[in-house]
$ cat input.pdb   # PDB, C-alpha atoms
ATOM      1  CA  MET A1473       0.000   0.000   0.000
ATOM      2  CA  PRO A1474       1.507   3.352  -1.014
ATOM      3  CA  MET A1475       2.195   5.976   1.622
ATOM      4  CA  ARG A1476       0.101   9.118   1.713
ATOM      5  CA  ILE A1477       1.803  12.518   1.498
ATOM      6  CA  ASP A1478       1.119  13.214   5.184
ATOM      7  CA  ASP A1479       2.687   9.882   6.177
ATOM      8  CA  LYS A1480       5.736  10.650   4.060
ATOM      9  CA  LYS A1481       6.171  14.037   5.727
ATOM     10  CA  ILE A1482       5.929  12.439   9.163
ATOM     11  CA  ALA A1483       8.469   9.746   8.215
ATOM     12  CA  VAL A1484      10.919  12.372   6.935
ATOM     13  CA  GLU A1485      10.539  14.466  10.098
ATOM     14  CA  GLU A1486      11.045  11.444  12.364
ATOM     15  CA  LEU A1487      14.177  10.356  10.510
ATOM     16  CA  GLN A1488      15.508  13.910  10.568
ATOM     17  CA  ASP A1489      14.967  14.092  14.356
ATOM     18  CA  VAL A1490      16.788  10.800  14.904
ATOM     19  CA  ALA A1491      19.660  11.892  12.648
ATOM     20  CA  ASN A1492      20.021  15.185  14.505
ATOM     21  CA  LYS A1493      20.217  13.358  17.864
ATOM     22  CA  ALA A1494      22.589  10.644  16.607
ATOM     23  CA  VAL A1495      26.334  10.653  17.169
ATOM     24  CA  SER A1496      27.257   8.246  14.366
ATOM     25  CA  ALA A1497      25.557   6.217  11.655
ATOM     26  CA  VAL A1498      26.053   3.190   9.424
ATOM     27  CA  ALA A1499      24.311   2.471   6.115
ATOM     28  CA  ALA A1500      24.002  -1.157   5.024
ATOM     29  CA  ASP A1501      22.483  -3.251   2.254
ATOM     30  CA  TYR A1502      20.213  -5.839   3.852
ATOM     31  CA  HIS A1503      19.214  -7.616   0.605
ATOM     32  CA  GLY A1504      19.163 -11.389   1.120
ATOM     33  CA  THR A1505      18.835 -11.192   4.904
ATOM     34  CA  SER A1506      15.955 -13.189   6.344
ATOM     35  CA  VAL A1507      13.163 -11.667   8.410
ATOM     36  CA  ALA A1508      14.189 -13.720  11.453
ATOM     37  CA  GLU A1509      17.753 -12.387  11.227
ATOM     38  CA  LEU A1510      16.531  -8.801  10.883
ATOM     39  CA  THR A1511      14.231  -9.291  13.873
ATOM     40  CA  GLN A1512      17.203 -10.484  15.910
ATOM     41  CA  LEU A1513      19.218  -7.469  14.718
ATOM     42  CA  ARG A1514      16.426  -5.098  15.757
ATOM     43  CA  ALA A1515      16.283  -6.661  19.237
ATOM     44  CA  GLU A1516      20.044  -6.249  19.639
ATOM     45  CA  ALA A1517      19.764  -2.657  18.398
ATOM     46  CA  ARG A1518      17.126  -1.788  20.998
ATOM     47  CA  ALA A1519      19.357  -3.219  23.739
ATOM     48  CA  SER A1520      22.352  -1.120  22.646
ATOM     49  CA  ALA A1521      20.573   2.233  22.005
ATOM     50  CA  VAL A1522      20.849   2.006  18.224
ATOM     51  CA  HIS A1523      17.960   3.215  16.069
ATOM     52  CA  LEU A1524      17.456   1.102  12.928
ATOM     53  CA  LYS A1525      15.413   2.483  10.076
ATOM     54  CA  VAL A1526      14.392   1.122   6.695
ATOM     55  CA  ILE A1527      12.814   3.865   4.618
ATOM     56  CA  ARG A1528      12.467   4.673   0.935
ATOM     57  CA  ASN A1529      15.670   6.127  -0.450
ATOM     58  CA  THR A1530      14.008   9.282  -1.762
ATOM     59  CA  LEU A1531      12.568   9.998   1.688
ATOM     60  CA  ALA A1532      15.894   9.219   3.372
ATOM     61  CA  LYS A1533      17.723  11.607   1.023
ATOM     62  CA  ARG A1534      15.248  14.343   1.850
ATOM     63  CA  ALA A1535      15.516  13.700   5.602
ATOM     64  CA  LEU A1536      19.313  13.460   5.727
ATOM     65  CA  SER A1537      20.022  16.360   3.360
ATOM     66  CA  GLU A1538      20.040  18.957   6.154
ATOM     67  CA  THR A1539      21.783  16.825   8.789
ATOM     68  CA  LYS A1540      25.371  15.845   9.479
ATOM     69  CA  PHE A1541      24.738  12.551   7.656
ATOM     70  CA  SER A1542      24.155  14.167   4.264
ATOM     71  CA  CYS A1543      27.294  12.284   3.146
ATOM     72  CA  PHE A1544      25.055   9.177   2.840
ATOM     73  CA  GLU A1545      23.137  10.681  -0.089
ATOM     74  CA  ASP A1546      25.147   8.795  -2.734
ATOM     75  CA  LEU A1547      24.817   5.512  -0.803
ATOM     76  CA  LEU A1548      21.026   5.515  -0.784
ATOM     77  CA  VAL A1549      20.574   3.144  -3.704
ATOM     78  CA  GLY A1550      18.858  -0.223  -3.446
ATOM     79  CA  PRO A1551      17.656  -1.763  -0.181
ATOM     80  CA  THR A1552      19.260   0.307   2.561
ATOM     81  CA  MET A1553      19.054   0.089   6.332
ATOM     82  CA  LEU A1554      20.291   2.993   8.421
ATOM     83  CA  ALA A1555      21.653   2.426  11.934
ATOM     84  CA  PHE A1556      22.056   5.487  14.158
ATOM     85  CA  SER A1557      24.045   5.486  17.421
ATOM     86  CA  LEU A1558      22.119   7.591  19.881
ATOM     87  CA  GLU A1559      24.493   7.451  22.879
ATOM     88  CA  ASP A1560      27.803   5.713  22.299
ATOM     89  CA  PRO A1561      29.510   6.596  18.974
ATOM     90  CA  THR A1562      30.720   3.016  18.526
ATOM     91  CA  SER A1563      27.470   1.154  19.234
ATOM     92  CA  ALA A1564      26.082   1.135  15.657
ATOM     93  CA  ALA A1565      29.469   0.091  14.268
ATOM     94  CA  LYS A1566      29.728  -2.722  16.833
ATOM     95  CA  LEU A1567      26.206  -3.921  16.096
ATOM     96  CA  VAL A1568      26.670  -3.946  12.322
ATOM     97  CA  ASN A1569      30.183  -5.410  12.493
ATOM     98  CA  ASN A1570      29.000  -8.325  14.654
ATOM     99  CA  PHE A1571      26.002  -8.905  12.384
ATOM    100  CA  THR A1572      28.136  -8.990   9.222
ATOM    101  CA  LYS A1573      30.285 -11.727  10.790
ATOM    102  CA  VAL A1574      27.199 -13.930  11.164
ATOM    103  CA  ASN A1575      25.338 -12.932   8.001
ATOM    104  CA  LYS A1576      27.348 -12.665   4.781
ATOM    105  CA  ASN A1577      24.413 -11.158   2.824
ATOM    106  CA  PHE A1578      24.445  -8.027   5.004
ATOM    107  CA  GLN A1579      26.873  -5.566   3.365
ATOM    108  CA  VAL A1580      27.985  -2.253   4.853
ATOM    109  CA  LYS A1581      27.714   0.666   2.416
ATOM    110  CA  GLY A1582      28.943   3.567   4.521
ATOM    111  CA  LEU A1583      30.061   4.750   7.922
ATOM    112  CA  SER A1584      29.886   8.242   9.394
ATOM    113  CA  LEU A1585      31.120   9.702  12.658
ATOM    114  CA  GLY A1586      29.893  13.224  13.080
ATOM    115  CA  ASP A1587      29.687  15.015   9.772
ATOM    116  CA  SER A1588      32.341  13.092   7.853
ATOM    117  CA  SER A1589      32.170   9.831   5.975
ATOM    118  CA  LEU A1590      34.798   7.223   6.832
ATOM    119  CA  GLU A1591      36.319   4.402   4.816
ATOM    120  CA  LEU A1592      34.681   1.015   5.244
ATOM    121  CA  SER A1593      38.015  -0.440   6.370
ATOM    122  CA  LYS A1594      37.646   1.644   9.573
ATOM    123  CA  LEU A1595      34.489  -0.234  10.607
ATOM    124  CA  SER A1596      36.266  -2.999  12.513
ATOM    125  CA  ALA A1597      38.640  -0.491  14.154
ATOM    126  CA  ILE A1598      35.729   1.602  15.394
ATOM    127  CA  ALA A1599      33.775  -1.490  16.433
ATOM    128  CA  ASN A1600      36.719  -2.688  18.538
ATOM    129  CA  MET A1601      37.092   0.630  20.362
ATOM    130  CA  PRO A1602      35.983   0.543  23.993
ATOM    131  CA  SER A1603      32.724   2.237  24.871
ATOM    132  CA  ARG A1604      32.782   5.373  26.984
ATOM    133  CA  ASP A1605      32.176   3.433  30.206
ATOM    134  CA  GLU A1606      34.864   0.874  29.341
ATOM    135  CA  ALA A1607      37.360   3.649  28.528
ATOM    136  CA  LEU A1608      36.638   5.421  31.815
ATOM    137  CA  ALA A1609      37.101   2.137  33.716
ATOM    138  CA  GLN A1610      40.433   1.557  31.975
ATOM    139  CA  LEU A1611      41.555   5.099  32.800
ATOM    140  CA  ALA A1612      40.555   4.691  36.447
ATOM    141  CA  GLY A1613      42.468   1.406  36.596
ATOM    142  CA  MET A1614      45.582   3.009  35.132
ATOM    143  CA  LEU A1615      45.379   5.919  37.572
ATOM    144  CA  ASN A1616      44.802   3.591  40.511
ATOM    145  CA  ALA A1617      47.558   1.071  39.654
ATOM    146  CA  PRO A1618      50.559   3.041  41.029
ATOM    147  CA  MET A1619      48.772   3.657  44.342
ATOM    148  CA  ASN A1620      47.872  -0.030  44.634
ATOM    149  CA  LYS A1621      51.468  -1.069  44.043
ATOM    150  CA  PHE A1622      52.662   1.493  46.582
ATOM    151  CA  CYS A1623      50.194   0.207  49.191
ATOM    152  CA  LEU A1624      51.130  -3.422  48.533
ATOM    153  CA  LEU A1625      54.789  -2.597  48.885
ATOM    154  CA  TYR A1626      54.348  -1.140  52.381
ATOM    155  CA  THR A1627      51.642  -3.464  53.674
ATOM    156  CA  SER A1628      53.137  -6.816  52.691
ATOM    157  CA  PRO A1629      55.540  -8.402  55.204
ATOM    158  CA  SER A1630      59.206  -8.048  54.374
ATOM    159  CA  PRO A1631      61.497 -11.077  54.146
ATOM    160  CA  ARG A1632      63.184 -10.045  57.444
ATOM    161  CA  ASP A1633      59.853 -10.074  59.266
ATOM    162  CA  GLN A1634      59.135 -13.588  58.026
ATOM    163  CA  ARG A1635      62.549 -14.941  59.262
ATOM    164  CA  GLY A1636      62.100 -13.534  62.729
ATOM    165  CA  SER A1637      58.674 -15.078  63.304
ATOM    166  CA  ARG A1638      59.849 -18.702  63.159
TER     167      ARG A1638
END
$ encode --input "input.pdb" --output "structure tokens"
Amino acid sequence: MPMRIDDKKIAVEELQDVANKAVSAVAADYHGTSVAELTQLRAEARASAVHLKVIRNTLAKRALSETKFSCFEDLLVGPTMLAFSLEDPTSAAKLVNNFTKVNKNFQVKGLSLGDSSLELSKLSAIANMPSRDEALAQLAGMLNAPMNKFCLLYTSPSPRDQRGSR
């Protein structure tokens, strides 16, 4: 059933709102992917704060033209799924990268962080980056390590203390 003009306007506005809130985005060709696999992908996307959208290419071009993801305009050919990271910049890349490992029919068309398009070879590098929380935990661990070693040095018994206690 064809969409009415009012429905098209609403779809364009919704996609434009999501794109304006998003930190990064991935465009992918989902042709040949089964409905069950796409349903699983959508469930994983909801769990990781990624907004997935399948929309007509002409409507997507119109919605993305005035956003930072206007670089996707040339990629909107054929069946295209857009994945927008709403919180963590790496979450859409991680989701799509993991899905392409399982499903060979799912092909990534483009990747964008901010307002610039990146090479597809960067997808796995971005997907393997730690999330914000993981990076903060690593930083806290690195900052805490010298103090822990210092405390262990002065709280552990010395070899002299162990000889005298026999």
$ atom_distance --input "input.pdb" --atom1 "atom CA of A:Thr1511" --atom2 "atom CA of A:Arg1534"
26.5 Å
$ atom_distance --input "input.pdb" --atom1 "atom CA of A:Ala1535" --atom2 "atom CA of A:Glu1486"
8.4 Å
$ closest_residue --input "input.pdb" --among "A:Arg1604, A:Lys1594, A:Lys1566, A:Lys1576" --to "A:Ser1520" --atoms "only C-alpha atoms"
A:Lys1566
$ atom_distance --input "input.pdb" --atom1 "atom CA of A:Pro1474" --atom2 "atom CA of A:Gln1488"
21.0 Å
$ resolve_selection --input "input.pdb" --expression "the PyMOL selection byres ((chain A and resi 1564) around 10)" --output "VMD selection string"
chain A and resid 1495 to 1499 1517 1520 to 1524 1554 to 1563 1565 to 1570 1583 1595 1598 to 1599
$ residues_around --input "input.pdb" --residues "A:Phe1541" --least-positions-apart "6" --cutoff "9 Å" --atoms "all atoms listed in the file" --output "number ranges by chain"
A: 1491-1492, 1496-1497, 1584-1589
$ residues_around --input "input.pdb" --residues "A:Thr1552" --least-positions-apart "5" --cutoff "12 Å" --atoms "only C-alpha atoms" --output "list in words"
Val1498, Ala1499, Ala1500, Asp1501, Tyr1502, His1503, Gly1504, Thr1505, Leu1524, Lys1525, Val1526, Ile1527, Arg1528, Asn1529, Thr1530, Leu1531, Ala1532, Lys1533, Phe1544, Glu1545, Asp1546, Leu1547, Phe1578, Gln1579, Val1580, Lys1581 and Gly1582 of chain A
$ closest_residue --input "input.pdb" --among "A:Ala1483, A:Ala1609, A:Leu1590, A:Leu1615" --to "A:Cys1543" --atoms "all atoms listed in the file"
A:Leu1590
$ closest_residue --input "input.pdb" --among "A:Ile1477, A:Ala1612, A:Leu1510, A:Ala1494" --to "A:Asn1577" --atoms "only C-alpha atoms"
A:Leu1510
